[in-house]
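Source file: run-v8.tsv; contents: TSV, C-alpha atoms.
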```tsv
chain	number	residue	atom	x	y	z
T	24	MET	CA	-17.04	18.87	-72.21
T	25	LEU	CA	-13.51	18.29	-73.48
T	26	VAL	CA	-12.22	17.24	-70.05
T	27	ASP	CA	-13.77	16.15	-66.79
T	28	LYS	CA	-13.41	18.97	-64.25
T	29	LYS	CA	-12.92	16.72	-61.22
T	30	THR	CA	-10.33	14.55	-62.95
T	31	PHE	CA	-8.44	17.60	-64.19
T	32	ARG	CA	-8.39	19.13	-60.73
T	33	LYS	CA	-7.17	15.86	-59.23
T	34	GLN	CA	-4.34	15.76	-61.79
T	35	LEU	CA	-3.14	19.16	-60.62
T	36	GLU	CA	-2.50	17.79	-57.12
T	37	THR	CA	0.30	15.68	-58.54
T	38	ILE	CA	1.34	17.97	-61.38
T	39	ASP	CA	4.86	17.13	-62.52
T	40	SER	CA	5.12	19.12	-65.73
T	41	ILE	CA	6.91	21.96	-63.92
T	42	PRO	CA	10.20	20.26	-62.96
T	43	THR	CA	11.40	20.34	-59.32
T	44	LEU	CA	8.75	22.84	-58.28
T	45	PRO	CA	6.21	20.76	-56.31
T	46	LYS	CA	8.87	19.16	-54.08
T	47	LEU	CA	10.59	22.46	-53.36
T	48	MET	CA	7.29	24.24	-52.69
T	49	ALA	CA	6.12	21.50	-50.33
T	50	LYS	CA	9.43	21.49	-48.46
T	51	LEU	CA	9.50	25.30	-48.13
T	52	THR	CA	5.91	25.36	-46.85
T	53	ARG	CA	6.83	22.77	-44.19
T	54	MET	CA	9.90	24.81	-43.20
T	55	VAL	CA	7.93	28.05	-42.84
T	56	ASP	CA	5.39	26.34	-40.61
T	57	ASP	CA	8.16	24.98	-38.38
T	58	PRO	CA	9.01	27.53	-35.65
T	59	ASN	CA	12.47	25.96	-35.22
T	60	VAL	CA	13.52	26.81	-38.77
T	61	SER	CA	15.27	30.17	-39.27
T	62	VAL	CA	14.91	32.53	-42.22
T	63	SER	CA	18.51	31.85	-43.26
T	64	GLU	CA	17.80	28.12	-43.40
T	65	ILE	CA	14.91	28.84	-45.77
T	66	GLY	CA	17.21	31.00	-47.89
T	67	ASP	CA	19.81	28.22	-47.91
T	68	GLU	CA	17.22	25.65	-49.00
T	69	ILE	CA	16.24	27.75	-52.04
T	70	ALA	CA	19.91	28.44	-52.79
T	71	LYS	CA	20.58	24.68	-53.13
T	72	ASP	CA	19.18	25.02	-56.65
T	73	GLN	CA	21.81	27.47	-57.82
T	74	VAL	CA	20.26	28.11	-61.21
T	75	LEU	CA	16.90	28.93	-59.64
T	76	ALA	CA	18.50	31.05	-56.90
T	77	THR	CA	20.43	33.10	-59.45
T	78	LYS	CA	17.31	33.67	-61.51
T	79	ILE	CA	15.30	34.81	-58.48
T	80	LEU	CA	17.98	37.30	-57.42
T	81	LYS	CA	18.28	38.53	-61.00
T	82	LEU	CA	14.52	39.02	-61.23
T	83	ILE	CA	14.25	40.85	-57.90
T	84	ASN	CA	17.20	43.10	-58.65
T	85	SER	CA	16.21	43.94	-62.21
T	86	ALA	CA	14.88	47.38	-63.03
T	87	PHE	CA	11.76	45.53	-64.11
T	88	TYR	CA	10.84	44.34	-60.65
T	89	GLY	CA	11.78	47.55	-58.91
T	90	PHE	CA	14.45	46.61	-56.36
T	91	PRO	CA	17.51	47.33	-58.51
T	92	GLY	CA	20.68	46.17	-56.81
T	93	ARG	CA	19.25	46.15	-53.32
T	94	ILE	CA	18.84	42.47	-52.54
T	95	SER	CA	22.00	40.40	-52.39
T	96	SER	CA	20.92	37.08	-50.90
T	97	LEU	CA	17.87	34.87	-50.70
T	98	THR	CA	17.78	35.29	-46.93
T	99	HIS	CA	17.70	39.06	-47.47
T	100	ALA	CA	14.91	38.58	-50.02
T	101	VAL	CA	12.80	36.53	-47.57
T	102	VAL	CA	13.29	39.11	-44.81
T	103	LEU	CA	12.54	42.10	-47.03
T	104	LEU	CA	9.76	40.75	-49.23
T	105	GLY	CA	8.28	38.06	-47.03
T	106	PHE	CA	8.12	34.37	-47.71
T	107	ASP	CA	4.93	34.54	-49.76
T	108	VAL	CA	6.42	36.92	-52.31
T	109	VAL	CA	9.60	34.85	-52.58
T	110	LYS	CA	7.51	31.72	-53.03
T	111	GLY	CA	5.62	33.48	-55.83
T	112	LEU	CA	8.94	34.47	-57.40
T	113	ILE	CA	10.09	30.85	-57.34
T	114	LEU	CA	6.91	29.94	-59.16
T	115	SER	CA	7.44	32.81	-61.64
T	116	CYS	CA	10.98	31.72	-62.47
T	117	ALA	CA	9.93	28.11	-62.95
T	118	VAL	CA	6.93	28.87	-65.16
T	119	PHE	CA	8.75	31.54	-67.16
T	120	ASP	CA	11.36	29.02	-68.24
T	121	ILE	CA	8.56	27.04	-69.83
T	122	MET	CA	6.72	30.08	-71.21
T	123	LYS	CA	9.88	31.36	-72.91
T	124	VAL	CA	10.07	28.21	-74.98
T	125	GLN	CA	6.42	27.36	-75.46
T	126	MET	CA	4.32	30.50	-75.00
T	127	MET	CA	6.37	33.58	-75.79
T	128	ASP	CA	3.32	35.81	-76.30
T	129	LEU	CA	1.88	34.82	-72.90
T	130	TRP	CA	5.24	35.58	-71.32
T	131	ILE	CA	5.33	39.10	-72.79
T	132	HIS	CA	1.67	39.62	-71.88
T	133	SER	CA	2.37	38.55	-68.27
T	134	LEU	CA	5.24	41.01	-68.04
T	135	ALA	CA	3.10	43.79	-69.54
T	136	VAL	CA	0.31	43.13	-67.01
T	137	SER	CA	2.78	42.91	-64.15
T	138	LYS	CA	4.44	46.19	-65.07
T	139	THR	CA	1.09	47.95	-65.50
T	140	ALA	CA	-0.29	46.52	-62.23
T	141	GLY	CA	2.81	47.70	-60.36
T	142	TYR	CA	2.50	51.15	-61.90
T	143	ILE	CA	-1.20	51.45	-60.99
T	144	ALA	CA	-0.47	50.19	-57.45
T	145	SER	CA	2.18	52.84	-56.94
T	146	GLU	CA	-0.03	55.58	-58.44
T	147	LEU	CA	-2.83	54.58	-56.04
T	148	LYS	CA	-0.34	54.26	-53.15
T	149	GLU	CA	-1.33	50.67	-52.40
T	150	PRO	CA	0.42	49.28	-49.31
T	151	GLU	CA	1.94	46.14	-50.95
T	152	PRO	CA	2.80	47.03	-54.57
T	153	GLU	CA	5.28	44.16	-54.94
T	154	GLU	CA	2.56	41.60	-54.24
T	155	ILE	CA	0.35	43.18	-56.89
T	156	THR	CA	3.26	43.16	-59.36
T	157	LEU	CA	3.68	39.47	-58.64
T	158	ALA	CA	-0.03	38.77	-59.06
T	159	GLY	CA	0.17	40.47	-62.46
T	160	LEU	CA	3.11	38.29	-63.39
T	161	LEU	CA	1.25	35.08	-62.54
T	162	HIS	CA	-2.34	36.06	-63.40
T	163	ASP	CA	-2.57	33.78	-66.45
T	164	ILE	CA	-0.75	30.77	-64.97
T	165	GLY	CA	-3.90	28.74	-65.65
T	166	LYS	CA	-3.26	29.11	-69.40
T	167	LEU	CA	0.22	27.66	-68.94
T	168	ILE	CA	-1.25	24.75	-67.01
T	169	PHE	CA	-3.67	24.13	-69.91
T	170	LYS	CA	-0.77	24.15	-72.35
T	171	LEU	CA	1.19	21.67	-70.23
T	172	GLN	CA	-1.60	19.34	-69.11
T	173	ILE	CA	-4.05	19.35	-72.03
T	174	PRO	CA	-2.01	20.72	-74.97
T	175	GLU	CA	-4.14	19.38	-77.82
T	176	LYS	CA	-7.43	20.36	-76.24
T	177	TYR	CA	-6.12	23.83	-75.41
T	178	ALA	CA	-4.88	24.27	-78.99
T	179	PHE	CA	-8.37	23.36	-80.16
T	180	ILE	CA	-9.91	25.95	-77.78
T	181	LEU	CA	-7.60	28.66	-79.18
T	182	GLU	CA	-8.40	27.65	-82.76
T	183	GLU	CA	-12.11	27.75	-82.09
T	184	ALA	CA	-11.81	31.15	-80.38
T	185	ALA	CA	-9.90	32.53	-83.38
T	186	ARG	CA	-12.31	30.98	-85.87
T	187	ARG	CA	-15.37	32.39	-84.11
T	188	GLN	CA	-13.66	35.72	-83.29
T	189	LEU	CA	-14.44	35.24	-79.58
T	190	PRO	CA	-12.24	35.74	-76.51
T	191	SER	CA	-10.51	32.48	-75.54
T	192	LEU	CA	-12.01	32.85	-72.04
T	193	VAL	CA	-15.47	32.34	-73.53
T	194	MET	CA	-14.35	29.21	-75.38
T	195	GLU	CA	-12.60	27.81	-72.27
T	196	ARG	CA	-15.86	28.08	-70.35
T	197	ALA	CA	-17.92	26.68	-73.21
T	198	LEU	CA	-15.67	23.70	-74.00
T	199	LEU	CA	-14.19	22.88	-70.59
T	200	GLY	CA	-16.86	24.07	-68.16
T	201	PHE	CA	-14.19	26.05	-66.28
T	202	ASP	CA	-11.52	28.60	-67.19
T	203	HIS	CA	-7.85	29.47	-66.66
T	204	ALA	CA	-8.67	31.72	-63.68
T	205	GLU	CA	-10.40	28.89	-61.79
T	206	THR	CA	-7.43	26.67	-62.64
T	207	ALA	CA	-5.13	29.26	-61.05
T	208	ILE	CA	-7.09	28.93	-57.80
T	209	TRP	CA	-6.59	25.14	-57.79
T	210	ILE	CA	-2.85	25.54	-58.43
T	211	CYS	CA	-2.54	28.11	-55.63
T	212	GLN	CA	-4.36	25.72	-53.27
T	213	THR	CA	-2.15	22.81	-54.32
T	214	TRP	CA	1.01	24.80	-53.59
T	215	SER	CA	-0.33	26.61	-50.50
T	216	LEU	CA	0.08	30.06	-51.99
T	217	PRO	CA	-1.50	32.88	-49.96
T	218	GLU	CA	-5.04	34.13	-50.55
T	219	ARG	CA	-3.84	37.61	-51.42
T	220	LEU	CA	-2.12	36.07	-54.45
T	221	MET	CA	-4.76	33.45	-55.16
T	222	ILE	CA	-7.73	35.87	-55.22
T	223	PRO	CA	-6.37	38.27	-57.89
T	224	LEU	CA	-5.28	35.28	-60.02
T	225	GLY	CA	-8.62	33.57	-59.65
T	226	TYR	CA	-10.93	36.55	-60.08
T	227	HIS	CA	-9.21	38.98	-62.45
T	228	HIS	CA	-12.04	38.31	-64.95
T	229	ASN	CA	-14.74	38.52	-62.28
T	230	VAL	CA	-13.66	41.33	-59.98
T	231	THR	CA	-16.99	41.79	-58.21
T	232	ALA	CA	-17.03	38.22	-56.87
T	233	PRO	CA	-14.37	38.21	-54.13
T	234	LYS	CA	-15.17	39.51	-50.65
T	235	ILE	CA	-11.52	40.15	-49.82
T	236	HIS	CA	-8.52	41.56	-51.71
T	237	LYS	CA	-10.92	43.39	-54.01
T	238	ARG	CA	-8.54	46.27	-54.79
T	239	GLN	CA	-5.61	43.97	-55.69
T	240	THR	CA	-7.95	41.93	-57.89
T	241	ALA	CA	-9.33	45.04	-59.61
T	242	ILE	CA	-5.80	46.37	-60.25
T	243	VAL	CA	-4.78	43.10	-61.93
T	244	GLY	CA	-8.04	43.10	-63.94
T	245	LEU	CA	-7.49	46.69	-65.05
T	246	ALA	CA	-3.83	46.02	-65.94
T	247	ASP	CA	-4.94	43.01	-67.99
T	248	MET	CA	-7.45	45.17	-69.88
T	249	ILE	CA	-4.85	47.88	-70.55
T	250	ALA	CA	-2.26	45.36	-71.84
T	251	ASP	CA	-4.89	43.75	-74.09
T	252	ALA	CA	-6.06	47.14	-75.38
T	253	ALA	CA	-2.47	48.15	-76.16
T	254	GLY	CA	-2.00	45.02	-78.30
T	255	PHE	CA	-0.04	43.04	-75.69
T	256	GLY	CA	-2.68	40.37	-75.24
T	257	ALA	CA	-1.96	36.66	-75.05
T	258	GLU	CA	-2.59	34.25	-77.92
T	259	GLY	CA	-6.27	33.75	-78.63
T	260	ASP	CA	-7.45	36.79	-76.71
T	261	GLY	CA	-9.17	38.03	-79.87
T	262	PRO	CA	-11.23	41.22	-79.94
T	263	LEU	CA	-11.70	43.09	-76.66
T	264	SER	CA	-14.83	42.65	-74.60
T	265	PRO	CA	-16.54	45.71	-73.06
T	266	HIS	CA	-14.77	46.73	-69.86
T	267	GLU	CA	-16.21	45.86	-66.45
T	268	PRO	CA	-17.32	49.21	-64.87
T	269	SER	CA	-16.61	47.81	-61.37
T	270	LEU	CA	-12.90	47.93	-62.18
T	271	LEU	CA	-13.13	51.71	-61.84
T	272	THR	CA	-15.65	51.92	-59.00
T	273	ILE	CA	-13.72	49.48	-56.77
T	274	LEU	CA	-10.57	51.56	-57.23
T	275	ASN	CA	-12.43	54.89	-57.09
T	276	ILE	CA	-10.85	56.10	-60.33
T	277	ASP	CA	-12.27	57.74	-63.45
T	278	ASP	CA	-11.80	57.35	-67.21
T	279	ALA	CA	-9.12	60.08	-67.21
T	280	PHE	CA	-6.97	58.02	-64.80
T	281	VAL	CA	-7.18	54.97	-67.09
T	282	GLU	CA	-6.36	57.10	-70.16
T	283	ARG	CA	-3.28	58.50	-68.39
T	284	ILE	CA	-2.06	55.03	-67.34
T	285	PHE	CA	-2.71	53.72	-70.87
T	286	THR	CA	-0.79	56.59	-72.49
T	287	ASN	CA	2.18	56.04	-70.14
T	288	MET	CA	2.22	52.30	-70.70
T	289	MET	CA	2.08	52.77	-74.49
T	290	SER	CA	5.58	54.23	-74.26
T	291	GLU	CA	6.78	51.62	-71.72
T	292	PHE	CA	5.58	48.45	-73.46
T	293	PRO	CA	7.97	48.69	-76.44
T	294	LEU	CA	10.85	48.51	-73.93
T	295	LEU	CA	9.64	45.19	-72.53
T	296	GLU	CA	11.67	43.09	-74.92
T	297	SER	CA	14.98	44.60	-73.84
T	298	GLU	CA	13.91	44.42	-70.19
T	299	ILE	CA	13.04	40.76	-70.59
T	300	LYS	CA	16.54	40.00	-71.84
T	301	ASN	CA	17.99	41.67	-68.75
T	302	THR	CA	15.52	39.98	-66.42
T	303	MET	CA	15.96	36.26	-67.04
Z	10	MET	CA	13.81	51.94	-79.43
Z	11	ILE	CA	15.54	53.95	-82.16
Z	12	LEU	CA	19.12	54.89	-82.89
Z	13	VAL	CA	19.60	58.61	-83.55
Z	14	SER	CA	22.50	60.94	-84.19
Z	15	CYS	CA	23.33	63.24	-81.24
Z	16	ASN	CA	22.86	66.13	-83.66
Z	17	ASP	CA	19.23	65.15	-84.21
Z	18	VAL	CA	18.16	63.92	-80.77
Z	19	PRO	CA	15.37	66.11	-79.36
Z	20	GLU	CA	15.61	67.56	-75.85
Z	21	GLY	CA	13.52	65.50	-73.42
Z	22	ALA	CA	14.03	62.21	-75.32
Z	23	LYS	CA	14.53	59.27	-72.96
Z	24	LEU	CA	17.61	57.06	-73.27
Z	25	ALA	CA	16.70	53.47	-74.11
Z	26	LYS	CA	20.28	52.29	-73.42
Z	27	PRO	CA	23.05	53.74	-71.23
Z	28	VAL	CA	25.62	56.01	-72.87
Z	29	PHE	CA	29.37	55.37	-72.44
Z	30	ASN	CA	32.34	57.45	-73.49
Z	31	GLN	CA	35.18	56.00	-75.56
Z	32	ASN	CA	36.91	54.72	-72.39
Z	33	GLY	CA	33.81	52.79	-71.35
Z	34	MET	CA	32.90	55.24	-68.60
Z	35	SER	CA	29.16	55.62	-68.04
Z	36	LEU	CA	27.85	59.07	-68.93
Z	37	ALA	CA	24.12	58.52	-68.47
Z	38	ASN	CA	21.85	55.65	-67.51
Z	39	GLU	CA	18.95	54.07	-69.39
Z	40	GLY	CA	15.76	56.05	-68.79
Z	41	THR	CA	17.51	59.43	-68.44
Z	42	ALA	CA	15.58	62.32	-70.04
Z	43	LEU	CA	18.13	64.21	-72.14
Z	44	THR	CA	18.73	67.94	-71.76
Z	45	ASN	CA	20.45	70.16	-74.32
Z	46	ASN	CA	23.47	70.44	-72.02
Z	47	MET	CA	23.80	66.66	-71.78
Z	48	ILE	CA	23.57	66.28	-75.56
Z	49	LYS	CA	26.30	68.92	-76.03
Z	50	LYS	CA	28.44	67.09	-73.46
Z	51	PHE	CA	28.00	63.78	-75.32
Z	52	ILE	CA	29.07	65.39	-78.60
Z	53	ALA	CA	32.08	67.01	-76.90
Z	54	MET	CA	33.11	63.60	-75.53
Z	55	GLY	CA	32.93	61.93	-78.91
Z	56	VAL	CA	29.55	60.22	-78.61
Z	57	GLU	CA	27.94	60.32	-82.05
Z	58	ILE	CA	24.78	58.22	-81.66
Z	59	VAL	CA	22.41	57.19	-78.84
Z	60	TRP	CA	19.51	54.77	-78.44
Z	61	ILE	CA	16.35	56.61	-77.41
Z	62	VAL	CA	12.90	55.40	-76.44
Z	63	GLY	CA	10.48	55.44	-79.35
Z	64	GLU	CA	9.47	53.66	-82.47
Z	65	LYS	CA	11.11	53.90	-85.86
Z	66	PRO	CA	8.91	55.75	-88.38
Z	67	LEU	CA	6.25	53.51	-89.90
Z	68	SER	CA	6.06	52.86	-93.61
Z	69	ASP	CA	2.64	53.25	-95.28
Z	70	MET	CA	2.22	49.47	-95.35
Z	71	GLU	CA	3.20	49.01	-91.68
Z	72	TYR	CA	0.86	51.84	-90.70
Z	73	ALA	CA	-2.05	50.29	-92.62
Z	74	GLN	CA	-1.42	46.84	-91.08
Z	75	MET	CA	-1.18	48.18	-87.53
Z	76	LYS	CA	-4.22	50.39	-87.94
Z	77	GLU	CA	-6.19	47.39	-89.18
Z	78	LYS	CA	-5.11	45.40	-86.09
Z	79	VAL	CA	-6.27	48.20	-83.76
Z	80	ILE	CA	-9.63	48.45	-85.53
Z	81	ARG	CA	-10.11	44.67	-85.35
Z	82	ARG	CA	-9.12	44.57	-81.67
Z	83	PHE	CA	-11.71	47.20	-80.75
Z	84	SER	CA	-14.38	45.95	-83.16
Z	85	LEU	CA	-16.73	44.58	-80.47
Z	86	VAL	CA	-16.53	47.53	-78.08
Z	87	GLN	CA	-17.90	50.38	-80.15
Z	88	ASP	CA	-20.48	51.08	-77.42
Z	89	ASP	CA	-17.84	51.32	-74.69
Z	90	PRO	CA	-16.79	55.00	-74.35
Z	91	LEU	CA	-13.66	54.24	-72.30
Z	92	LEU	CA	-12.30	51.66	-74.72
Z	93	ILE	CA	-13.13	53.90	-77.68
Z	94	LYS	CA	-10.98	56.60	-76.06
Z	95	LEU	CA	-8.13	54.10	-75.67
Z	96	SER	CA	-8.41	53.10	-79.32
Z	97	LYS	CA	-8.24	56.77	-80.33
Z	98	ILE	CA	-5.07	57.25	-78.26
Z	99	GLN	CA	-3.54	54.27	-80.02
Z	100	LEU	CA	-4.52	55.51	-83.48
Z	101	GLU	CA	-3.04	58.93	-82.65
Z	102	VAL	CA	0.25	57.27	-81.63
Z	103	LEU	CA	0.31	55.33	-84.92
Z	104	GLU	CA	-0.47	58.52	-86.84
Z	105	ALA	CA	2.41	60.29	-85.09
Z	106	GLN	CA	4.80	57.43	-85.91
Z	107	LYS	CA	3.78	57.59	-89.55
Z	108	GLY	CA	4.08	61.38	-89.50
Z	109	ALA	CA	7.62	61.07	-88.13
Z	110	GLY	CA	8.48	58.95	-91.17
Z	111	GLU	CA	7.00	61.49	-93.57
Z	112	ASP	CA	8.92	64.31	-91.82
Z	113	ALA	CA	12.15	62.32	-92.11
Z	114	GLY	CA	11.46	61.38	-95.72
```
Whole structure, structure tokens version:
Amino acid sequence: MLVDKKTFRKQLETIDSIPTLPKLMAKLTRMVDDPNVSVSEIGDEIAKDQVLATKILKLINSAFYGFPGRISSLTHAVVLLGFDVVKGLILSCAVFDIMKVQMMDLWIHSLAVSKTAGYIASELKEPEPEEITLAGLLHDIGKLIFKLQIPEKYAFILEEAARRQLPSLVMERALLGFDHAETAIWICQTWSLPERLMIPLGYHHNVTAPKIHKRQTAIVGLADMIADAAGFGAEGDGPLSPHEPSLLTILNIDDAFVERIFTNMMSEFPLLESEIKNTM
Amino acid sequence: MILVSCNDVPEGAKLAKPVFNQNGMSLANEGTALTNNMIKKFIAMGVEIVWIVGEKPLSDMEYAQMKEKVIRRFSLVQDDPLLIKLSKIQLEVLEAQKGAGEDAG
């Protein structure tokens, strides 16, 4: 194996390649658990990093995320969306800064999956569409962690995947003994992110495995497949693999539903670039 | 996203960018589906061109390259009826974009 799984996982507990994030996440988690801390104090803590605070408000209020112009402060955001969603947004803003510079294609893919997942969630009238949108946004965070923590080895994995015309997921498993989805679970555990975010991130390639949050996981898996099929896959995704039939059975949908979503997203995806500029 | 003359914009086309009059006043937001009445109003107010949702017509070379990419992407799923349907949708969209170029040419 290219890396030792246990050592890699241990490294993630002290990951410092995403600046400021671990300290802020740890502090916010402590504050939420403290019954004497008010929501406005949590909002104020996030707002101390003005650049981050501005980005979060911009992201929430963008047409992309679906709350255009409605949320004016971080306290308002915590009240309306819940702390877990805001925490996920903090993570999104921090990782997107890095993606923009180092992994543009993964950034666009993440936005495509997020948009598709949100659309499917609203079509299926899911109770928490914003959480599913967020899970779509972060579903491939494990790939970013690979790029940051083991850049040369990850480059080799992508090269091998391209050379053999195989999905990069297959090469991750073959050369590392684990994959980006499993890595996402470790990161979520490290930063105390909620299970309803962790499960879709960790099982979007294996949707039959989880016992809970199956629908959210299947929606993210389906959105990932649709983005890949439309040509908005991440680097190294290579040719498509046959789709997992459980994606449809878990959601109780048929081929015609997927075709309709795909056709709609085909006209939405070309707008992503302009939306991205307005988002961050 | 394509830039078209108000005289050529088809009814039902979606705005990809907001439309402003010459004083900077907003006339329609991004995402608005245009009606004939709105298009007439734009022309009357001096708006000559608008950005609408869509792709510019594909040249023969662009069409061939994109078609090749679609075929390669779906090369391992020829036994998957759902994904074959999605590839057909994509090829139809490409064909339509090429056709739009031929119509314009």
**Q.** Atom-to-atom span, atom CA of T:Glu64 and atom CA of T:Glu151, Å
**A.**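 Taking atom CA of T:Glu64 as the start and atom CA of T:Glu151 as the end point, the length is 25.2 Å.
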- Message: Need the shell around Z:Met34: protein/DNA/RNA residues with any atom at most 12 Å away, counting all atoms listed in the file. Skip same-chain ones fewer than 5 positions apart. Format as a PyMOL selection string?
- Response: chain Z and resi 27-29+51+54+56
Item checked: Spatial neighbours of Z:Val18, 9 Å, all atoms listed in the file, chain gap at least 2 places, as a list of chain:residue names -> Z:Val13, Z:Ser14, Z:Cys15, Z:Asn16, Z:Glu20, Z:Gly21, Z:Ala22, Z:Leu43, Z:Ile48, Z:Ile58, Z:Val59, Z:Ile61
So that I have them on file, write out the residues from the current selection with C-alpha atoms, as a PDB file, keeping the file's coordinate frame.
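Okay, this is what ended up in selection-v8.pdb:
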```
ATOM      1  CA  VAL Z  13      19.600  58.610 -83.550  1.00  0.00           C
ATOM      2  CA  SER Z  14      22.500  60.940 -84.190  1.00  0.00           C
ATOM      3  CA  CYS Z  15      23.330  63.240 -81.240  1.00  0.00           C
ATOM      4  CA  ASN Z  16      22.860  66.130 -83.660  1.00  0.00           C
ATOM      5  CA  GLU Z  20      15.610  67.560 -75.850  1.00  0.00           C
ATOM      6  CA  GLY Z  21      13.520  65.500 -73.420  1.00  0.00           C
ATOM      7  CA  ALA Z  22      14.030  62.210 -75.320  1.00  0.00           C
ATOM      8  CA  LEU Z  43      18.130  64.210 -72.140  1.00  0.00           C
ATOM      9  CA  ILE Z  48      23.570  66.280 -75.560  1.00  0.00           C
ATOM     10  CA  ILE Z  58      24.780  58.220 -81.660  1.00  0.00           C
ATOM     11  CA  VAL Z  59      22.410  57.190 -78.840  1.00  0.00           C
ATOM     12  CA  ILE Z  61      16.350  56.610 -77.410  1.00  0.00           C
TER      13      ILE Z  61
END
```
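For T:Asn275, the set of protein, DNA and RNA residues having any atom at most 10 Å away, when counting only C-alpha atoms and skipping those fewer than 6 positions along the same chain, is Leu147, Arg238 and Ser269 of chain T.
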Next on the checklist: Please report the interatomic distance between atom CA of Z:Asp17 and atom CA of Z:Glu39 in Å with one decimal.
Outcome noted: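 Distance between the two atoms: 18.5 Å.
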Q.
Within 8 Å of chain Z, which residues belong to chain T? Use all atoms listed in the file and report them as JSON, numbers by chain.
A. {"T": [252, 253, 254, 261, 262, 263, 264, 265, 266, 278, 282, 285, 286, 290, 293, 294]}
Mind writing the picked residues with C-alpha atoms as a PDB file, in the coordinates of the input?
```pdb
ATOM      1  CA  ALA T 252      -6.060  47.140 -75.380  1.00  0.00           C
ATOM      2  CA  ALA T 253      -2.470  48.150 -76.160  1.00  0.00           C
ATOM      3  CA  GLY T 254      -2.000  45.020 -78.300  1.00  0.00           C
ATOM      4  CA  GLY T 261      -9.170  38.030 -79.870  1.00  0.00           C
ATOM      5  CA  PRO T 262     -11.230  41.220 -79.940  1.00  0.00           C
ATOM      6  CA  LEU T 263     -11.700  43.090 -76.660  1.00  0.00           C
ATOM      7  CA  SER T 264     -14.830  42.650 -74.600  1.00  0.00           C
ATOM      8  CA  PRO T 265     -16.540  45.710 -73.060  1.00  0.00           C
ATOM      9  CA  HIS T 266     -14.770  46.730 -69.860  1.00  0.00           C
ATOM     10  CA  ASP T 278     -11.800  57.350 -67.210  1.00  0.00           C
ATOM     11  CA  GLU T 282      -6.360  57.100 -70.160  1.00  0.00           C
ATOM     12  CA  PHE T 285      -2.710  53.720 -70.870  1.00  0.00           C
ATOM     13  CA  THR T 286      -0.790  56.590 -72.490  1.00  0.00           C
ATOM     14  CA  SER T 290       5.580  54.230 -74.260  1.00  0.00           C
ATOM     15  CA  PRO T 293       7.970  48.690 -76.440  1.00  0.00           C
ATOM     16  CA  LEU T 294      10.850  48.510 -73.930  1.00  0.00           C
TER      17      LEU T 294
END
```
Practice task
Please measure the separation of atom CA of Z:Lys50 and atom CA of Z:Ala37, giving the value in Å to one decimal.
Solution key: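 Calculated distance between atom CA of Z:Lys50 and atom CA of Z:Ala37 is 10.8 Å.
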To test the calculation: enclose all listed atoms of stretch 81-88 of chain Z in a box whose edges run along x, y and z, add 3 Å on each side, then state centre and edge lengths in Å to one decimal, as lines of an AutoDock Vina configuration file.
```
center_x = -14.8
center_y = 47.8
center_z = -81.4
size_x = 17.4
size_y = 12.5
size_z = 13.9
```
